[in-house]
Amino acid sequence: MENPLKFRVSIFSKLLMFIIPMVCLPVAVVGYSSIQASVERVNRLVRQEQMVQVEAAANKINDIFYNCRVDLGAISRSPVLAEYHLAKLFRLHAEADFNRENLLKLFKDILARTPYYYGIRVLSERGEELISAGGPGPLNPLDEKSRALFFGKTGEERPVDVYFSDLVQCRERNGYIVHCTKAFFTGWQEFAGVIVIDVDFKRITQFLRHIRVGEEGYSFLIDSKGKSLSHPRYGPYEYDPDKDPDPSVVKLAKNMAAGETGWQEYNFQGRKKVAAFAPIPIMNWSMAVTIPIEEFGREAQGIRTQVIQLVVLTLLITLLGAFVLSYNLLRPVRRLVTATNRMAAGDLNQMIPVKSRDELGDLTRSFNRMVHNLSRIQKELVRSEKLISLGRLSAGVAHEIRNPLNAMKGAMVHLGQKWGHEPLIRQYAQLVAEEIDRLDRVVSEFLYFSKQAPPKLETVEINGIILGTEELLAGEAAKKGVHFQNRLASSLPLILLDTHQMEQVFLNLFINAMDSLTEGGEIEVGTRVMEMDGEKKLLVVVKDNGKGISDENLPYVFDPFFTTKEDGTGLGLPLSLGIIEAHGGVIEMDGRSGRGTQVTIIFPLGSIREGIEG
């Protein structure tokens with residue numbers, strides 16, 4: 001007896017107690033470890049991002065001025081420029097104009113492919129502007145240092161390499177430019193003039209302002225003296241880091257001015273920051289990308305919040321998953337329990353729908369097969385009990401009836417022989433003799449039913465038995481206008497059957513079908529081999545298009561003495577059932593009123609010979 005005080009734990013509770021710790025504890029441990037590691041990882045990633053950005057930006061600015069040096073060198077060595085100088089020298093105006101137009105096209109092409117250039121021009125040895133291309137209006141004149149360098153006293157040695165000026169304010173550009181200059185010489189190495197490319201520093205500043213790390217990070221640029229060239233809060237040369245009261249800023253400026261690469265923490269205007277810096281070698285400048293340290297904490301806090309949300313979400317998903325899993329697992333089990341309880345109460349009409357292809361689906365299918373087999377076995381047991389009782393009753397009744405029938409038949413024969421000349425006596429004697437013969441046939445069927453002989457097996461081809469039975473009924477079928485339509489499979493395997501008994505079965509089935517058909521009806525007979533429940537089986541299907549069987553009568557068609565015919569005995573189908581079962585087969589009937597009847601006979605090919613021989 002079950003203890004009523006014993007606590008009952010449901011499967012759902014067990015799943016929760018098992019799944020929640022198994023899923024949530026590892027997530028919590030991993031989340032805690034992630035939070036601890038997030039600060040260091042964020043610091044490292046942000047520093048790497050800073051360094052990547054600052055190095056990429058520094059390289060880009062360096063490339064701008066390097067390409068400017070290359071362009072100046074290419075222009076200074078251009079044959080067109082030399083020819084232009086010679087034409088001017090010898091006052092060949094047409095040729096000079098032609099070469100001047102070619103140089104203008106060259107300058108415009110260079111300006112078109114390099115958006116950081118503001119203008120290109122050529123100055124004579126006296127500083128006069130010969131050719132110019134670029135911004136609107138006259139280009140900005142050279143600063144005093146550049147002019148003194150290139151246009152000093154006659155005979156002074158001129159610089160061969162490119163010279164880059166400091167930032168020069170340009171009113172036309174409303175910003176600053178950098179003069180990039182290079183002298184060019186005649187074939188006799190005489191100073192001929194200067195080529196000037198003005199680099200638009202405003203565009204470089206715009207490029208720098210787009211470089212950001214985090215929410216408040218920004219970039220800035222200083223020259224070789226540590227003075228600020230570009231800063232979000234200051235204009236060029238407005239801020240001198242060397243004069244900042246905080247020594248960490250002074251140290252940062254010195255490291256940058258020295259051309260070093262790295263990152264450093266410093267205090268700027270009361271806030272702790274981290275700057276990653278890299279040099280721009282060609283200009284002796286240095287660039288830095290800075291971010292407040294407090295943003296590192298915000299990044300870590302964001303990760304911490306995400307991890308906590310992940311743990312909570314995992315818990316909710318786990319609860320939902322456990323509920324869905326238990327529901328999907330327990331629902332078929334509950335259906336099985338309910339069906340089992342009904343079976344225990346005697347109700348064997350329990351077929352559970354199969355809705356899955358997993359182990360529970362296999363269990364449900366097995367349960368359905370078990371219920372079907374139990375129901376079939378129960379019906380067969382009931383039918384067997386009926387048959388045994390009816391067989392005994394039939395045998396006793398047949399023996400008791402047959403003897404008086406024989407005496408009555410002998411009396412009628414004697415009466416017919418002695419008084420046969422009397423028409424009335426002859427008529428009634430013949431009528432009584434016919435009825436006695438009919439009763440004798442019924443008694444014979446009773447005896448055959450009660451003492452059904454075991455099958456005498458022989459190897460046969462079932463199509464031959466079917467065709468032979470159809471020939472026996474061919475005349476009767478022709479009278480009724482009934483046609484046989486055969487769909488017999490070829491190359492059927494041979495099978496062990498009692499030919500006489502199987503002919504009796506097919507005679508009963510064909511006669512029943514013919515009785516249900518009107519003129520012009522059709523009986524379709526088919527045979528085939530197919531796999532059922534993992535076993536090859538031989539199927540014989542007899543189908544007609546007659547009036548069918550009502551739903552009320554269908555469950556009783558194999559019961560002895562049940563018939564809807566006026567002259568039937570109700571023993572044809574029970575006899576056929578006994579013969580089929582004696583051969584190890586199954587017979588099934590399906591029929592709907594007004595839609596014909598279908599009888600299916602199934603023989604298991606793999607077990608017939610073994611079962612019979614065993």
# chains A, B, ... in the order shown; residues from 1 in each chain; ligands from 1
$ residues_around --residues "A:Gly73" --least-positions-apart "4" --cutoff "9 Å" --atoms "only C-alpha atoms" --output "number ranges by chain"
A: 68-69, 77-78, 161-162, 182, 184
$ write_last_selection --atoms "N, CA and C atoms" --output "PDB file, in the first residue's frame"
ATOM      1  N   CYS A  68      53.272  63.822 -52.183  1.00  0.00           N
ATOM      2  CA  CYS A  68      53.543  65.195 -52.614  1.00  0.00           C
ATOM      3  C   CYS A  68      55.014  65.325 -53.043  1.00  0.00           C
ATOM      4  N   ARG A  69      55.916  64.730 -52.257  1.00  0.00           N
ATOM      5  CA  ARG A  69      57.340  64.748 -52.622  1.00  0.00           C
ATOM      6  C   ARG A  69      57.542  64.042 -53.968  1.00  0.00           C
ATOM      7  N   ARG A  77      61.256  66.892 -62.990  1.00  0.00           N
ATOM      8  CA  ARG A  77      61.992  66.157 -64.034  1.00  0.00           C
ATOM      9  C   ARG A  77      61.208  66.053 -65.328  1.00  0.00           C
ATOM     10  N   SER A  78      60.079  66.702 -65.410  1.00  0.00           N
ATOM     11  CA  SER A  78      59.229  66.579 -66.586  1.00  0.00           C
ATOM     12  C   SER A  78      59.881  67.258 -67.794  1.00  0.00           C
ATOM     13  N   ASP A 161      66.374  69.009 -52.299  1.00  0.00           N
ATOM     14  CA  ASP A 161      65.262  68.186 -51.830  1.00  0.00           C
ATOM     15  C   ASP A 161      64.019  69.054 -51.620  1.00  0.00           C
ATOM     16  N   VAL A 162      62.920  68.374 -51.304  1.00  0.00           N
ATOM     17  CA  VAL A 162      61.642  69.053 -51.087  1.00  0.00           C
ATOM     18  C   VAL A 162      61.669  69.739 -49.728  1.00  0.00           C
ATOM     19  N   LYS A 182      59.941  72.650 -54.295  1.00  0.00           N
ATOM     20  CA  LYS A 182      61.142  71.993 -54.793  1.00  0.00           C
ATOM     21  C   LYS A 182      61.674  72.813 -55.954  1.00  0.00           C
ATOM     22  N   PHE A 184      63.721  73.553 -59.449  1.00  0.00           N
ATOM     23  CA  PHE A 184      64.052  72.795 -60.671  1.00  0.00           C
ATOM     24  C   PHE A 184      65.137  73.572 -61.413  1.00  0.00           C
TER      25      PHE A 184
END
$ select_by_dssp --residues "stretch 412-561 of chain A" --states "strand (DSSP E or B)" --output "MDAnalysis selection string"
chainID A and resid 458:460 483:488 495:497 522:532 535:544
$ atom_distance --atom1 "atom CA of A:Pro455" --atom2 "atom CA of A:Asn508"
17.2 Å
$ residues_around --residues "A:Asn284" --least-positions-apart "3" --cutoff "6 Å" --atoms "only C-alpha atoms" --output "PyMOL selection string"
chain A and resi 224+280-281
$ residues_around --residues "stretch 192-198 of chain A" --least-positions-apart "5" --cutoff "8 Å" --atoms "only C-alpha atoms" --output "ChimeraX atom specification"
/A:68,72,75-76,85,117-127,150,177-186
$ residues_around --residues "A:Ile587" --least-positions-apart "4" --cutoff "7 Å" --atoms "only C-alpha atoms" --output "list in words"
Leu577, Ile580, Thr600, Ile601 and Ile602 of chain A
$ residues_around --residues "A:Thr518" --least-positions-apart "3" --cutoff "10 Å" --atoms "only C-alpha atoms" --output "PyMOL selection string"
chain A and resi 480-482+514-515+521-522+545-547
$ residues_around --residues "A:Glu461" --least-positions-apart "4" --cutoff "8 Å" --atoms "only C-alpha atoms" --output "VMD selection string"
chain A and resid 465 492 to 495
$ decode --residues "stretch 66-110 of chain A" --atoms "N, CA and C atoms" --output "JSON list (two decimals), in the first residue's frame"
[["chain", "number", "residue", "atom", "x", "y", "z"],
["A", 66, "TYR", "N", 54.35, 62.21, -48.57],
["A", 66, "TYR", "CA", 55.30, 61.43, -49.36],
["A", 66, "TYR", "C", 54.92, 61.49, -50.84],
["A", 67, "ASN", "N", 53.62, 61.33, -51.12],
["A", 67, "ASN", "CA", 53.16, 61.42, -52.51],
["A", 67, "ASN", "C", 53.38, 62.82, -53.06],
["A", 68, "CYS", "N", 53.27, 63.82, -52.18],
["A", 68, "CYS", "CA", 53.54, 65.19, -52.61],
["A", 68, "CYS", "C", 55.01, 65.33, -53.04],
["A", 69, "ARG", "N", 55.92, 64.73, -52.26],
["A", 69, "ARG", "CA", 57.34, 64.75, -52.62],
["A", 69, "ARG", "C", 57.54, 64.04, -53.97],
["A", 70, "VAL", "N", 56.85, 62.89, -54.16],
["A", 70, "VAL", "CA", 56.99, 62.16, -55.43],
["A", 70, "VAL", "C", 56.47, 63.01, -56.58],
["A", 71, "ASP", "N", 55.32, 63.68, -56.37],
["A", 71, "ASP", "CA", 54.75, 64.50, -57.45],
["A", 71, "ASP", "C", 55.66, 65.68, -57.78],
["A", 72, "LEU", "N", 56.23, 66.30, -56.76],
["A", 72, "LEU", "CA", 57.16, 67.40, -57.03],
["A", 72, "LEU", "C", 58.37, 66.93, -57.81],
["A", 73, "GLY", "N", 58.90, 65.76, -57.42],
["A", 73, "GLY", "CA", 60.05, 65.23, -58.16],
["A", 73, "GLY", "C", 59.69, 64.93, -59.60],
["A", 74, "ALA", "N", 58.49, 64.33, -59.82],
["A", 74, "ALA", "CA", 58.09, 64.01, -61.19],
["A", 74, "ALA", "C", 57.91, 65.26, -62.02],
["A", 75, "ILE", "N", 57.32, 66.30, -61.44],
["A", 75, "ILE", "CA", 57.12, 67.55, -62.20],
["A", 75, "ILE", "C", 58.46, 68.21, -62.50],
["A", 76, "SER", "N", 59.37, 68.21, -61.51],
["A", 76, "SER", "CA", 60.66, 68.88, -61.73],
["A", 76, "SER", "C", 61.47, 68.18, -62.81],
["A", 77, "ARG", "N", 61.26, 66.89, -62.99],
["A", 77, "ARG", "CA", 61.99, 66.16, -64.03],
["A", 77, "ARG", "C", 61.21, 66.05, -65.33],
["A", 78, "SER", "N", 60.08, 66.70, -65.41],
["A", 78, "SER", "CA", 59.23, 66.58, -66.59],
["A", 78, "SER", "C", 59.88, 67.26, -67.79],
["A", 79, "PRO", "N", 59.97, 66.56, -68.92],
["A", 79, "PRO", "CA", 60.51, 67.19, -70.14],
["A", 79, "PRO", "C", 59.67, 68.38, -70.59],
["A", 80, "VAL", "N", 58.39, 68.36, -70.32],
["A", 80, "VAL", "CA", 57.53, 69.46, -70.74],
["A", 80, "VAL", "C", 57.93, 70.74, -70.00],
["A", 81, "LEU", "N", 58.26, 70.60, -68.69],
["A", 81, "LEU", "CA", 58.69, 71.77, -67.93],
["A", 81, "LEU", "C", 60.01, 72.32, -68.47],
["A", 82, "ALA", "N", 60.93, 71.41, -68.81],
["A", 82, "ALA", "CA", 62.21, 71.86, -69.37],
["A", 82, "ALA", "C", 62.00, 72.56, -70.70],
["A", 83, "GLU", "N", 61.15, 72.00, -71.55],
["A", 83, "GLU", "CA", 60.89, 72.62, -72.85],
["A", 83, "GLU", "C", 60.20, 73.97, -72.65],
["A", 84, "TYR", "N", 59.32, 74.03, -71.67],
["A", 84, "TYR", "CA", 58.65, 75.30, -71.41],
["A", 84, "TYR", "C", 59.68, 76.36, -70.98],
["A", 85, "HIS", "N", 60.62, 75.97, -70.13],
["A", 85, "HIS", "CA", 61.63, 76.93, -69.67],
["A", 85, "HIS", "C", 62.50, 77.39, -70.84],
["A", 86, "LEU", "N", 62.89, 76.46, -71.71],
["A", 86, "LEU", "CA", 63.72, 76.84, -72.87],
["A", 86, "LEU", "C", 62.95, 77.76, -73.80],
["A", 87, "ALA", "N", 61.67, 77.44, -74.03],
["A", 87, "ALA", "CA", 60.87, 78.28, -74.93],
["A", 87, "ALA", "C", 60.73, 79.68, -74.36],
["A", 88, "LYS", "N", 60.56, 79.79, -73.05],
["A", 88, "LYS", "CA", 60.49, 81.10, -72.43],
["A", 88, "LYS", "C", 61.83, 81.83, -72.53],
["A", 89, "LEU", "N", 62.91, 81.02, -72.36],
["A", 89, "LEU", "CA", 64.23, 81.63, -72.39],
["A", 89, "LEU", "C", 64.53, 82.22, -73.75],
["A", 90, "PHE", "N", 64.16, 81.47, -74.81],
["A", 90, "PHE", "CA", 64.44, 81.93, -76.18],
["A", 90, "PHE", "C", 63.25, 82.65, -76.80],
["A", 91, "ARG", "N", 62.26, 82.97, -75.98],
["A", 91, "ARG", "CA", 61.10, 83.76, -76.41],
["A", 91, "ARG", "C", 60.35, 83.11, -77.57],
["A", 92, "LEU", "N", 60.21, 81.80, -77.47],
["A", 92, "LEU", "CA", 59.39, 81.06, -78.46],
["A", 92, "LEU", "C", 57.98, 80.99, -77.88],
["A", 93, "HIS", "N", 57.22, 82.01, -78.14],
["A", 93, "HIS", "CA", 55.94, 82.17, -77.44],
["A", 93, "HIS", "C", 54.94, 81.05, -77.78],
["A", 94, "ALA", "N", 54.86, 80.66, -79.02],
["A", 94, "ALA", "CA", 53.89, 79.62, -79.39],
["A", 94, "ALA", "C", 54.22, 78.30, -78.69],
["A", 95, "GLU", "N", 55.51, 77.93, -78.76],
["A", 95, "GLU", "CA", 55.90, 76.67, -78.12],
["A", 95, "GLU", "C", 55.76, 76.77, -76.60],
["A", 96, "ALA", "N", 56.05, 77.96, -76.05],
["A", 96, "ALA", "CA", 55.89, 78.13, -74.60],
["A", 96, "ALA", "C", 54.42, 78.01, -74.20],
["A", 97, "ASP", "N", 53.52, 78.59, -74.98],
["A", 97, "ASP", "CA", 52.09, 78.47, -74.67],
["A", 97, "ASP", "C", 51.61, 77.02, -74.77],
["A", 98, "PHE", "N", 52.14, 76.33, -75.79],
["A", 98, "PHE", "CA", 51.74, 74.93, -75.96],
["A", 98, "PHE", "C", 52.18, 74.09, -74.74],
["A", 99, "ASN", "N", 53.44, 74.29, -74.35],
["A", 99, "ASN", "CA", 53.93, 73.53, -73.19],
["A", 99, "ASN", "C", 53.23, 73.96, -71.91],
["A", 100, "ARG", "N", 52.89, 75.24, -71.83],
["A", 100, "ARG", "CA", 52.18, 75.72, -70.66],
["A", 100, "ARG", "C", 50.81, 75.03, -70.54],
["A", 101, "GLU", "N", 50.09, 74.86, -71.64],
["A", 101, "GLU", "CA", 48.80, 74.18, -71.61],
["A", 101, "GLU", "C", 48.96, 72.72, -71.20],
["A", 102, "ASN", "N", 50.02, 72.08, -71.67],
["A", 102, "ASN", "CA", 50.25, 70.68, -71.28],
["A", 102, "ASN", "C", 50.54, 70.57, -69.79],
["A", 103, "LEU", "N", 51.30, 71.54, -69.27],
["A", 103, "LEU", "CA", 51.59, 71.51, -67.82],
["A", 103, "LEU", "C", 50.31, 71.76, -67.01],
["A", 104, "LEU", "N", 49.45, 72.64, -67.51],
["A", 104, "LEU", "CA", 48.19, 72.88, -66.81],
["A", 104, "LEU", "C", 47.32, 71.61, -66.76],
["A", 105, "LYS", "N", 47.28, 70.88, -67.87],
["A", 105, "LYS", "CA", 46.53, 69.61, -67.88],
["A", 105, "LYS", "C", 47.12, 68.63, -66.88],
["A", 106, "LEU", "N", 48.47, 68.57, -66.83],
["A", 106, "LEU", "CA", 49.12, 67.67, -65.88],
["A", 106, "LEU", "C", 48.77, 68.06, -64.45],
["A", 107, "PHE", "N", 48.81, 69.37, -64.16],
["A", 107, "PHE", "CA", 48.51, 69.82, -62.80],
["A", 107, "PHE", "C", 47.05, 69.51, -62.43],
["A", 108, "LYS", "N", 46.15, 69.71, -63.36],
["A", 108, "LYS", "CA", 44.74, 69.44, -63.08],
["A", 108, "LYS", "C", 44.49, 67.95, -62.85],
["A", 109, "ASP", "N", 45.21, 67.13, -63.61],
["A", 109, "ASP", "CA", 45.07, 65.68, -63.38],
["A", 109, "ASP", "C", 45.55, 65.31, -61.98],
["A", 110, "ILE", "N", 46.68, 65.89, -61.57],
["A", 110, "ILE", "CA", 47.21, 65.59, -60.23],
["A", 110, "ILE", "C", 46.24, 66.08, -59.16]]
